>>> print(open('model-v1.pdb').read())   # PDB, C-alpha atoms and all ligand atoms
ATOM      1  CA  MET A   1       0.000   0.000   0.000
ATOM      2  CA  THR A   2       1.844   3.045  -1.231
ATOM      3  CA  TRP A   3      -0.791   5.770  -1.279
ATOM      4  CA  GLU A   4       0.430   8.831   0.589
ATOM      5  CA  LEU A   5      -1.293  12.015  -0.545
ATOM      6  CA  GLU A   6      -0.931  15.628   0.512
ATOM      7  CA  THR A   7      -3.396  18.475   0.137
ATOM      8  CA  ASP A   8      -3.311  22.049   1.410
ATOM      9  CA  ARG A   9      -4.589  21.117   4.864
ATOM     10  CA  LEU A  10      -4.359  17.322   5.026
ATOM     11  CA  VAL A  11      -2.067  14.338   4.756
ATOM     12  CA  LEU A  12      -3.703  11.068   3.697
ATOM     13  CA  ARG A  13      -1.630   8.062   4.669
ATOM     14  CA  PRO A  14      -2.088   4.328   5.198
ATOM     15  CA  MET A  15      -3.923   3.429   8.387
ATOM     16  CA  GLY A  16      -2.288   1.407  11.158
ATOM     17  CA  ARG A  17      -3.444  -0.291  14.342
ATOM     18  CA  GLY A  18      -2.195   2.756  16.248
ATOM     19  CA  ASP A  19      -4.998   4.802  14.663
ATOM     20  CA  VAL A  20      -7.779   2.943  16.508
ATOM     21  CA  GLU A  21      -7.763   5.428  19.399
ATOM     22  CA  ALA A  22      -8.230   8.415  17.083
ATOM     23  CA  LEU A  23     -10.899   6.672  14.996
ATOM     24  CA  VAL A  24     -13.119   5.736  17.969
ATOM     25  CA  PRO A  25     -14.590   9.270  18.239
ATOM     26  CA  VAL A  26     -14.923   9.455  14.427
ATOM     27  CA  LEU A  27     -16.809   6.198  13.879
ATOM     28  CA  GLY A  28     -18.392   6.119  17.326
ATOM     29  CA  ASP A  29     -20.223   9.443  17.142
ATOM     30  CA  PRO A  30     -23.960   8.674  17.475
ATOM     31  CA  SER A  31     -25.113  11.745  15.572
ATOM     32  CA  ALA A  32     -22.657  11.604  12.640
ATOM     33  CA  MET A  33     -23.149   7.828  12.329
ATOM     34  CA  ARG A  34     -26.952   8.041  12.350
ATOM     35  CA  PHE A  35     -27.161   6.659   8.825
ATOM     36  CA  TYR A  36     -25.416   3.441   9.918
ATOM     37  CA  PRO A  37     -27.209   0.616  11.765
ATOM     38  CA  ARG A  38     -25.397   1.877  14.896
ATOM     39  CA  PRO A  39     -22.342   3.907  15.852
ATOM     40  CA  PHE A  40     -19.173   1.811  16.134
ATOM     41  CA  ASP A  41     -17.927   0.689  19.521
ATOM     42  CA  ARG A  42     -14.213   0.155  20.102
ATOM     43  CA  ALA A  43     -14.285  -3.485  18.975
ATOM     44  CA  MET A  44     -15.971  -2.453  15.713
ATOM     45  CA  VAL A  45     -13.319   0.223  15.126
ATOM     46  CA  GLU A  46     -10.574  -2.367  15.741
ATOM     47  CA  ALA A  47     -12.268  -4.647  13.189
ATOM     48  CA  TRP A  48     -12.586  -1.707  10.756
ATOM     49  CA  VAL A  49      -8.839  -1.034  10.925
ATOM     50  CA  ALA A  50      -8.013  -4.751  10.684
ATOM     51  CA  ARG A  51     -10.243  -5.046   7.602
ATOM     52  CA  THR A  52      -8.493  -2.049   6.062
ATOM     53  CA  LEU A  53      -5.084  -3.702   6.602
ATOM     54  CA  GLU A  54      -6.435  -6.886   4.974
ATOM     55  CA  ARG A  55      -7.615  -4.820   2.016
ATOM     56  CA  TYR A  56      -4.135  -3.297   1.601
ATOM     57  CA  ALA A  57      -2.750  -6.851   1.376
ATOM     58  CA  SER A  58      -5.459  -8.373  -0.841
ATOM     59  CA  ASP A  59      -6.432  -5.429  -3.073
ATOM     60  CA  GLY A  60      -3.355  -3.176  -2.860
ATOM     61  CA  TYR A  61      -5.478  -0.274  -1.620
ATOM     62  CA  GLY A  62      -7.978   0.679   1.063
ATOM     63  CA  LEU A  63      -9.149   3.544   3.262
ATOM     64  CA  LEU A  64      -6.509   6.075   4.346
ATOM     65  CA  ALA A  65      -6.193   7.954   7.619
ATOM     66  CA  ILE A  66      -6.901  11.686   7.285
ATOM     67  CA  VAL A  67      -4.333  13.700   9.235
ATOM     68  CA  GLU A  68      -4.999  17.413   9.764
ATOM     69  CA  ARG A  69      -1.676  19.100   9.102
ATOM     70  CA  GLY A  70      -2.411  22.001  11.459
ATOM     71  CA  THR A  71      -2.757  19.761  14.522
ATOM     72  CA  GLY A  72      -1.186  16.459  13.423
ATOM     73  CA  GLU A  73      -4.394  14.731  14.541
ATOM     74  CA  VAL A  74      -6.152  11.893  12.726
ATOM     75  CA  ILE A  75      -9.615  13.375  12.093
ATOM     76  CA  GLY A  76     -11.130  10.699   9.870
ATOM     77  CA  ASP A  77     -10.672   8.276   7.040
ATOM     78  CA  CYS A  78     -11.187   8.521   3.309
ATOM     79  CA  GLY A  79     -10.265   6.535   0.270
ATOM     80  CA  PRO A  80     -10.876   3.666  -2.081
ATOM     81  CA  THR A  81     -12.207   0.219  -1.276
ATOM     82  CA  ARG A  82     -13.112  -2.655  -3.567
ATOM     83  CA  GLN A  83     -16.879  -3.137  -3.349
ATOM     84  CA  GLU A  84     -19.167  -5.512  -5.181
ATOM     85  CA  VAL A  85     -22.500  -4.102  -6.252
ATOM     86  CA  ASP A  86     -24.995  -6.694  -7.462
ATOM     87  CA  GLY A  87     -22.106  -9.080  -8.149
ATOM     88  CA  GLU A  88     -19.882  -6.635 -10.043
ATOM     89  CA  PRO A  89     -16.626  -5.231  -8.559
ATOM     90  CA  PHE A  90     -16.034  -1.486  -8.366
ATOM     91  CA  VAL A  91     -13.627   0.981  -6.777
ATOM     92  CA  GLU A  92     -15.652   2.887  -4.191
ATOM     93  CA  LEU A  93     -14.658   6.125  -2.482
ATOM     94  CA  GLY A  94     -15.809   6.649   1.104
ATOM     95  CA  TRP A  95     -15.277   9.197   3.866
ATOM     96  CA  HIS A  96     -15.758   9.802   7.591
ATOM     97  CA  VAL A  97     -14.771  13.024   9.372
ATOM     98  CA  ARG A  98     -14.832  13.564  13.153
ATOM     99  CA  ALA A  99     -17.972  15.473  14.149
ATOM    100  CA  ASP A 100     -16.134  18.502  15.553
ATOM    101  CA  ARG A 101     -14.148  18.882  12.304
ATOM    102  CA  GLN A 102     -17.110  18.593   9.913
ATOM    103  CA  GLY A 103     -18.292  21.499   7.795
ATOM    104  CA  HIS A 104     -14.808  22.742   6.880
ATOM    105  CA  GLY A 105     -14.541  21.045   3.501
ATOM    106  CA  PHE A 106     -12.183  18.333   4.771
ATOM    107  CA  ALA A 107     -14.114  15.391   3.291
ATOM    108  CA  THR A 108     -14.268  17.147  -0.078
ATOM    109  CA  GLU A 109     -10.544  17.998   0.058
ATOM    110  CA  ALA A 110      -9.592  14.433   1.004
ATOM    111  CA  GLY A 111     -12.029  12.920  -1.487
ATOM    112  CA  ALA A 112     -10.703  15.046  -4.355
ATOM    113  CA  ALA A 113      -7.138  13.879  -3.702
ATOM    114  CA  CYS A 114      -8.282  10.233  -3.566
ATOM    115  CA  ARG A 115     -10.426  10.615  -6.685
ATOM    116  CA  ASP A 116      -7.546  12.079  -8.685
ATOM    117  CA  HIS A 117      -5.016   9.517  -7.461
ATOM    118  CA  ALA A 118      -7.433   6.636  -8.074
ATOM    119  CA  TRP A 119      -7.617   7.403 -11.792
ATOM    120  CA  THR A 120      -3.827   7.298 -12.045
ATOM    121  CA  ALA A 121      -3.085   4.430  -9.677
ATOM    122  CA  LEU A 122      -6.009   2.087 -10.397
ATOM    123  CA  ALA A 123      -7.303   3.205 -13.822
ATOM    124  CA  PRO A 124     -10.837   1.929 -13.129
ATOM    125  CA  PRO A 125     -13.579   2.282 -15.764
ATOM    126  CA  ARG A 126     -15.577   4.209 -13.174
ATOM    127  CA  LEU A 127     -15.462   5.268  -9.545
ATOM    128  CA  ILE A 128     -18.519   4.829  -7.360
ATOM    129  CA  SER A 129     -19.722   6.006  -3.974
ATOM    130  CA  LEU A 130     -22.445   4.112  -2.121
ATOM    131  CA  VAL A 131     -24.641   6.460  -0.106
ATOM    132  CA  ARG A 132     -27.983   6.099   1.631
ATOM    133  CA  PRO A 133     -30.504   8.544   0.110
ATOM    134  CA  GLU A 134     -31.048  10.146   3.535
ATOM    135  CA  ASN A 135     -27.334  10.851   4.033
ATOM    136  CA  VAL A 136     -27.334  14.422   2.712
ATOM    137  CA  PRO A 137     -23.843  15.296   4.039
ATOM    138  CA  SER A 138     -22.308  12.309   2.259
ATOM    139  CA  TRP A 139     -24.034  12.757  -1.081
ATOM    140  CA  SER A 140     -23.161  16.446  -0.922
ATOM    141  CA  VAL A 141     -19.510  15.387  -0.790
ATOM    142  CA  ALA A 142     -20.062  13.001  -3.725
ATOM    143  CA  ARG A 143     -21.751  15.732  -5.737
ATOM    144  CA  ALA A 144     -19.012  18.244  -4.927
ATOM    145  CA  LEU A 145     -16.487  15.709  -6.280
ATOM    146  CA  GLY A 146     -18.319  15.381  -9.600
ATOM    147  CA  PHE A 147     -20.199  12.145  -8.879
ATOM    148  CA  ARG A 148     -23.777  11.832 -10.120
ATOM    149  CA  PRO A 149     -26.531   9.393  -9.131
ATOM    150  CA  TRP A 150     -26.336   6.282 -11.305
ATOM    151  CA  ARG A 151     -28.476   3.465  -9.956
ATOM    152  CA  ALA A 152     -30.064   2.059  -6.832
ATOM    153  CA  THR A 153     -28.981  -0.961  -4.828
ATOM    154  CA  VAL A 154     -29.545  -2.558  -1.446
ATOM    155  CA  ARG A 155     -26.688  -2.956   1.083
ATOM    156  CA  ALA A 156     -27.186  -4.623   4.436
ATOM    157  CA  GLY A 157     -30.926  -4.454   3.861
ATOM    158  CA  MET A 158     -30.867  -0.676   3.313
ATOM    159  CA  ALA A 159     -31.548   1.258   0.110
ATOM    160  CA  HIS A 160     -28.420   2.958  -1.282
ATOM    161  CA  VAL A 161     -27.810   5.168  -4.277
ATOM    162  CA  VAL A 162     -24.749   4.308  -6.361
ATOM    163  CA  TRP A 163     -23.098   7.608  -7.289
ATOM    164  CA  THR A 164     -20.539   7.470 -10.094
ATOM    165  CA  ILE A 165     -17.970   9.226 -12.222
ATOM    166  CA  GLU A 166     -16.942   7.448 -15.414
ATOM    167  CA  ALA A 167     -13.387   7.491 -16.711
ATOM    168  CA  GLY A 168     -13.292  10.102 -19.435
ATOM    169  CA  ASP A 169     -16.081  11.981 -17.668
ATOM    170  CA  GLU A 170     -13.766  13.453 -15.069
ATOM    171  CA  VAL A 171     -15.337  16.862 -15.282
ATOM    172  CA  SER A 172     -13.924  18.132 -12.043
ATOM    173  CA  ARG A 173     -10.295  17.113 -12.573
TER     174      ARG A 173
HETATM  175  C1  LIG B 201     -20.145  12.918   5.154
HETATM  176  C2  LIG B 201     -19.035  13.601   5.936
HETATM  177  C3  LIG B 201     -17.742  12.818   5.755
HETATM  178  C4  LIG B 201     -18.848  15.037   5.393
HETATM  179  O1  LIG B 201     -17.691  15.587   6.010
HETATM  180  P1  LIG B 201     -17.370  17.166   5.963
HETATM  181  O2  LIG B 201     -15.889  17.306   6.117
HETATM  182  O3  LIG B 201     -18.249  17.880   6.910
HETATM  183  O4  LIG B 201     -17.809  17.535   4.469
HETATM  184  P2  LIG B 201     -17.445  18.895   3.710
HETATM  185  O5  LIG B 201     -17.202  19.968   4.708
HETATM  186  O6  LIG B 201     -16.382  18.579   2.721
HETATM  187  O7  LIG B 201     -18.823  19.215   3.007
HETATM  188  C5  LIG B 201     -19.111  18.721   1.755
HETATM  189  C6  LIG B 201     -20.495  19.111   1.330
HETATM  190  O8  LIG B 201     -21.444  18.537   2.236
HETATM  191  C7  LIG B 201     -22.298  19.555   2.747
HETATM  192  N1  LIG B 201     -22.631  19.170   4.102
HETATM  193  C8  LIG B 201     -21.772  18.821   5.081
HETATM  194  N2  LIG B 201     -22.469  18.534   6.215
HETATM  195  C9  LIG B 201     -23.779  18.713   5.918
HETATM  196  C10 LIG B 201     -24.983  18.561   6.668
HETATM  197  N3  LIG B 201     -24.970  18.150   7.940
HETATM  198  N4  LIG B 201     -26.150  18.835   6.044
HETATM  199  C11 LIG B 201     -26.180  19.218   4.767
HETATM  200  N5  LIG B 201     -25.064  19.373   3.986
HETATM  201  C12 LIG B 201     -23.885  19.125   4.576
HETATM  202  C13 LIG B 201     -21.466  20.799   2.686
HETATM  203  O9  LIG B 201     -22.263  21.966   2.661
HETATM  204  C14 LIG B 201     -20.752  20.599   1.369
HETATM  205  O10 LIG B 201     -21.629  20.846   0.295
HETATM  206  P3  LIG B 201     -21.332  21.966  -0.785
HETATM  207  O11 LIG B 201     -20.051  21.544  -1.483
HETATM  208  O12 LIG B 201     -22.537  21.927  -1.658
HETATM  209  O13 LIG B 201     -21.172  23.214   0.028
HETATM  210  C15 LIG B 201     -19.384  13.697   7.454
HETATM  211  O14 LIG B 201     -20.643  14.295   7.588
HETATM  212  C16 LIG B 201     -19.386  12.352   8.147
HETATM  213  O15 LIG B 201     -18.343  11.878   8.596
HETATM  214  N6  LIG B 201     -20.560  11.724   8.261
HETATM  215  C17 LIG B 201     -20.663  10.456   8.985
HETATM  216  C18 LIG B 201     -20.065   9.301   8.226
HETATM  217  C19 LIG B 201     -20.769   9.019   6.930
HETATM  218  O16 LIG B 201     -21.989   9.000   6.861
HETATM  219  N7  LIG B 201     -19.945   8.763   5.900
HETATM  220  C20 LIG B 201     -20.436   8.466   4.582
HETATM  221  C21 LIG B 201     -20.947   7.096   4.459
HETATM  222  S1  LIG B 201     -21.685   6.835   2.830
END
>>> encode(input="model-v1.pdb", output="structure tokens")
Amino acid sequence: MTWELETDRLVLRPMGRGDVEALVPVLGDPSAMRFYPRPFDRAMVEAWVARTLERYASDGYGLLAIVERGTGEVIGDCGPTRQEVDGEPFVELGWHVRADRQGHGFATEAGAACRDHAWTALAPPRLISLVRPENVPSWSVARALGFRPWRATVRAGMAHVVWTIEAGDEVSR
């Protein structure tokens, strides 16, 4: 896993087990995580990081830790994961930002860096983002990155919209 990206305000780097502590308040926030079946407890965050490390090994990529350069703190995660939608594999971009750091454009800044690097590093035919229709903050990030709604699917028993950008349709690059 070699992705290490820098933006004006952020460093995006591979996640490690040492990031669990910082990710507990990100993934465990009951309000921010209201579109998930439940906020993550510590064991779920440990499993999330372990799964990310497995993805680095099996897929060569996975979610990155978002480090705020100003404070050096890990304030979230963002990046690509391999996701199957209705039996077909895609590169999905996802994002989580700690509640007290939301609303500053960090998810959009991190997502833009991941989007741009994904085209170069992975050359997928399309990028997708899987978002519940109710999750306005998340689809606002997708829209700001140039994704558009493509089709509907069901994940974990919940309706999701598949947002997409096609290669060659990289309007916002
Ligand atoms: C989705 C999330 C990562 C956005 O993080 P963020 O750093 O606050 O996002 P940004 O500041 O980059 O905002 C991006 C866009 O979302 C909009 N937005 C952010 N929070 C919003 C809210 N609560 N309500 C409505 N719009 C919101 C912003 O106005 C902006 O839109 P614009 O470009 O049209 O102005 C954050 O809300 C989060 O971590 N949510 C919980 C985890 C989650 O649901 N992840 C996605 C799973 S699919």
>>> closest_residue(input="model-v1.pdb", among="A:Trp150, A:Trp48, A:Trp139, A:Tyr56", to="ligand LIG 201 (chain B)", atoms="all atoms listed in the file")
A:Trp139
>>> closest_atom_pairs(input="model-v1.pdb", of="chain A", to="ligand LIG 201 (chain B)", cutoff="8 Å", atoms="all atoms listed in the file", output="CSV")
residue,atom,partner,partner_atom,distance
A:Val26,CA,B:LIG201,O15,7.2
A:Leu27,CA,B:LIG201,C18,7.2
A:Ala32,CA,B:LIG201,C17,4.3
A:Met33,CA,B:LIG201,C17,4.9
A:Arg34,CA,B:LIG201,O16,7.5
A:Phe35,CA,B:LIG201,O16,6.0
A:Tyr36,CA,B:LIG201,O16,7.2
A:Gly76,CA,B:LIG201,O15,7.4
A:Gly94,CA,B:LIG201,C20,6.1
A:Trp95,CA,B:LIG201,C3,4.8
A:His96,CA,B:LIG201,O15,3.5
A:Val97,CA,B:LIG201,O15,3.8
A:Arg98,CA,B:LIG201,O15,6.0
A:Ala99,CA,B:LIG201,O15,6.6
A:Arg101,CA,B:LIG201,O2,6.6
A:Gln102,CA,B:LIG201,O3,3.3
A:Gly103,CA,B:LIG201,O5,3.6
A:His104,CA,B:LIG201,O5,4.3
A:Gly105,CA,B:LIG201,O5,3.1
A:Phe106,CA,B:LIG201,O2,4.1
A:Ala107,CA,B:LIG201,O2,3.8
A:Thr108,CA,B:LIG201,O6,3.8
A:Glu109,CA,B:LIG201,O6,6.4
A:Ser129,CA,B:LIG201,S1,7.1
A:Leu130,CA,B:LIG201,S1,5.7
A:Val131,CA,B:LIG201,S1,4.2
A:Arg132,CA,B:LIG201,S1,6.5
A:Asn135,CA,B:LIG201,O16,6.3
A:Val136,CA,B:LIG201,C11,5.3
A:Pro137,CA,B:LIG201,C12,3.9
A:Ser138,CA,B:LIG201,C1,3.7
A:Trp139,CA,B:LIG201,O8,7.1
A:Ser140,CA,B:LIG201,O8,4.2
A:Val141,CA,B:LIG201,C5,4.2
A:Ala142,CA,B:LIG201,C6,7.9
A:Arg143,CA,B:LIG201,O11,7.4
A:Ala144,CA,B:LIG201,O11,4.9
>>> residues_around(input="model-v1.pdb", residues="stretch 117-121 of chain A", least_positions_apart="3", cutoff="9 Å", atoms="all atoms listed in the file", output="list of chain:residue names")
A:Trp3, A:Leu5, A:Gly79, A:Pro80, A:Val91, A:Ala112, A:Ala113, A:Cys114, A:Pro124, A:Pro125, A:Arg126, A:Leu127, A:Ala167
>>> closest_residue(input="model-v1.pdb", among="A:Gly16, A:Pro30, A:Pro25, A:Pro37", to="A:Ala50", atoms="all atoms listed in the file")
A:Gly16
>>> closest_residue(input="model-v1.pdb", among="A:Ala159, A:Val154, A:Leu145, A:Val11", to="A:Gly70", atoms="all atoms listed in the file")
A:Val11
>>> atom_distance(input="model-v1.pdb", atom1="atom CA of A:Ala110", atom2="atom CA of A:Val74")
12.5 Å
>>> resolve_selection(input="model-v1.pdb", expression="the PyMOL selection byres (((chain A and resi 84-88) around 12) and not hetatm)", output="VMD selection string")
chain A and resid 81 to 83 89 to 92 128 to 130 151 to 156 160 to 163
>>> atom_distance(input="model-v1.pdb", atom1="atom CA of A:Ala47", atom2="atom CA of A:Glu4")
22.4 Å
